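K.L.:
My questions all concern the structure below.
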Amino acid sequence: MSESKFSISGSLGDGMNWQSIIMLVAAAASFLVALVNGVAAYYRDKQTQQELWAQERRFEQFKKDLEDRQRRLVRFENVQELMKQYKKPLLQSAFDLQSRLANQVKQGFLHIFCHQRNSKRDAQYARLNFCFVVAEFLGWLEVIR
């Protein structure tokens, strides 16, 4: 029989044995798996980082929206408090102005007091009171504004 490259002891003809070959193949496979795992971990970490940044941006936007809502709520409460405080005087001045304007339109208030009555005091009172009622209403509007 001719001499075979393989011997019973498991060594190759050029001095390498089967155990060395299996060890090299296993090392190459391990290196390849480690490389693939490293690349996959890199992309997974990159994606996780991007998701974290997106979540952080959403959280910052949420905080900003919440602060805006709080400011609007405080402003609304301030307006409500202001309206509670000045509602009665404003309504009274609006009623006075409406009454004075209705008297002017229906009865000619200024014409009666200025021309039909002979008293200069009545004419002056009519003009000043009319101006006062308008100014009072506008003043309360300005206070609320």
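Convention: chains lettered A, B, ... in structure tokens order; per-chain residue numbering from 1; ligands numbered from 1 as shown.
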If we count only C-alpha atoms, what is near Ala123 of chain A at a cut-off of 8 Å, once residues fewer than 5 positions away on the same chain are taken out, given as an mmCIF file with all heavy atoms, in the first residue's frame?
P.N.:
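Wrote selection-v1.cif, looks like this:
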```cif
data_model
loop_
_atom_site.group_PDB
_atom_site.id
_atom_site.type_symbol
_atom_site.label_atom_id
_atom_site.label_comp_id
_atom_site.auth_asym_id
_atom_site.auth_seq_id
_atom_site.Cartn_x
_atom_site.Cartn_y
_atom_site.Cartn_z
ATOM 1 N N LEU A 110 -79.354 116.327 25.715
ATOM 2 C CA LEU A 110 -78.495 117.520 25.642
ATOM 3 C C LEU A 110 -79.252 118.719 25.075
ATOM 4 O O LEU A 110 -79.081 119.851 25.539
ATOM 5 C CB LEU A 110 -77.246 117.222 24.805
ATOM 6 C CG LEU A 110 -76.199 116.330 25.469
ATOM 7 C CD1 LEU A 110 -75.060 116.049 24.507
ATOM 8 C CD2 LEU A 110 -75.669 116.969 26.736
ATOM 9 N N PHE A 113 -81.566 120.128 27.895
ATOM 10 C CA PHE A 113 -80.861 120.813 28.974
ATOM 11 C C PHE A 113 -80.087 122.039 28.488
ATOM 12 O O PHE A 113 -79.906 122.985 29.242
ATOM 13 C CB PHE A 113 -79.922 119.838 29.691
ATOM 14 C CG PHE A 113 -80.563 119.109 30.822
ATOM 15 C CD1 PHE A 113 -81.279 117.950 30.604
ATOM 16 C CD2 PHE A 113 -80.464 119.591 32.114
ATOM 17 C CE1 PHE A 113 -81.872 117.266 31.640
ATOM 18 C CE2 PHE A 113 -81.059 118.919 33.167
ATOM 19 C CZ PHE A 113 -81.774 117.743 32.929
ATOM 20 N N CYS A 114 -79.624 122.008 27.262
ATOM 21 C CA CYS A 114 -78.809 123.132 26.781
ATOM 22 C C CYS A 114 -79.651 124.254 26.168
ATOM 23 O O CYS A 114 -79.277 125.415 26.255
ATOM 24 C CB CYS A 114 -77.790 122.645 25.757
ATOM 25 S SG CYS A 114 -76.529 121.603 26.495
ATOM 26 N N HIS A 115 -80.761 123.936 25.501
ATOM 27 C CA HIS A 115 -81.482 124.963 24.753
ATOM 28 C C HIS A 115 -82.856 125.280 25.322
ATOM 29 O O HIS A 115 -83.292 126.428 25.257
ATOM 30 C CB HIS A 115 -81.631 124.534 23.291
ATOM 31 C CG HIS A 115 -80.304 124.347 22.610
ATOM 32 N ND1 HIS A 115 -79.436 125.387 22.371
ATOM 33 C CD2 HIS A 115 -79.673 123.243 22.153
ATOM 34 C CE1 HIS A 115 -78.345 124.928 21.780
ATOM 35 N NE2 HIS A 115 -78.464 123.620 21.633
ATOM 36 N N ARG A 117 -83.971 124.806 28.530
ATOM 37 C CA ARG A 117 -83.900 125.360 29.874
ATOM 38 C C ARG A 117 -83.020 126.596 29.825
ATOM 39 O O ARG A 117 -82.031 126.654 29.122
ATOM 40 C CB ARG A 117 -83.340 124.340 30.854
ATOM 41 C CG ARG A 117 -84.267 123.161 31.042
ATOM 42 C CD ARG A 117 -83.774 122.302 32.143
ATOM 43 N NE ARG A 117 -84.742 121.224 32.367
ATOM 44 C CZ ARG A 117 -84.753 120.464 33.418
ATOM 45 N NH1 ARG A 117 -83.865 120.653 34.355
ATOM 46 N NH2 ARG A 117 -85.646 119.518 33.558
#
```
K.L.:
Hey, what's within 12 Å of Phe95 of chain A if we count only C-alpha atoms and toss same-chain stuff fewer than 4 positions away? As number ranges by chain, please?
P.N.:
A: 88-91, 99-102, 133-134, 136-137
K.L.:
So that I can check the secondary structure, give me every residue of chain A assigned helix (DSSP H, G or I) by backbone DSSP, as a PyMOL selection string.
P.N.:
chain A and resi 18-107+109-116+120-144
K.L.:
If I take atom CA of Ile144 of chain A and atom CA of Lys64 of chain A, how far is one from the other in Å, to one decimal?
P.N.:
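Interatomic distance, atom CA of Ile144 of chain A to atom CA of Lys64 of chain A: 28.8 Å.
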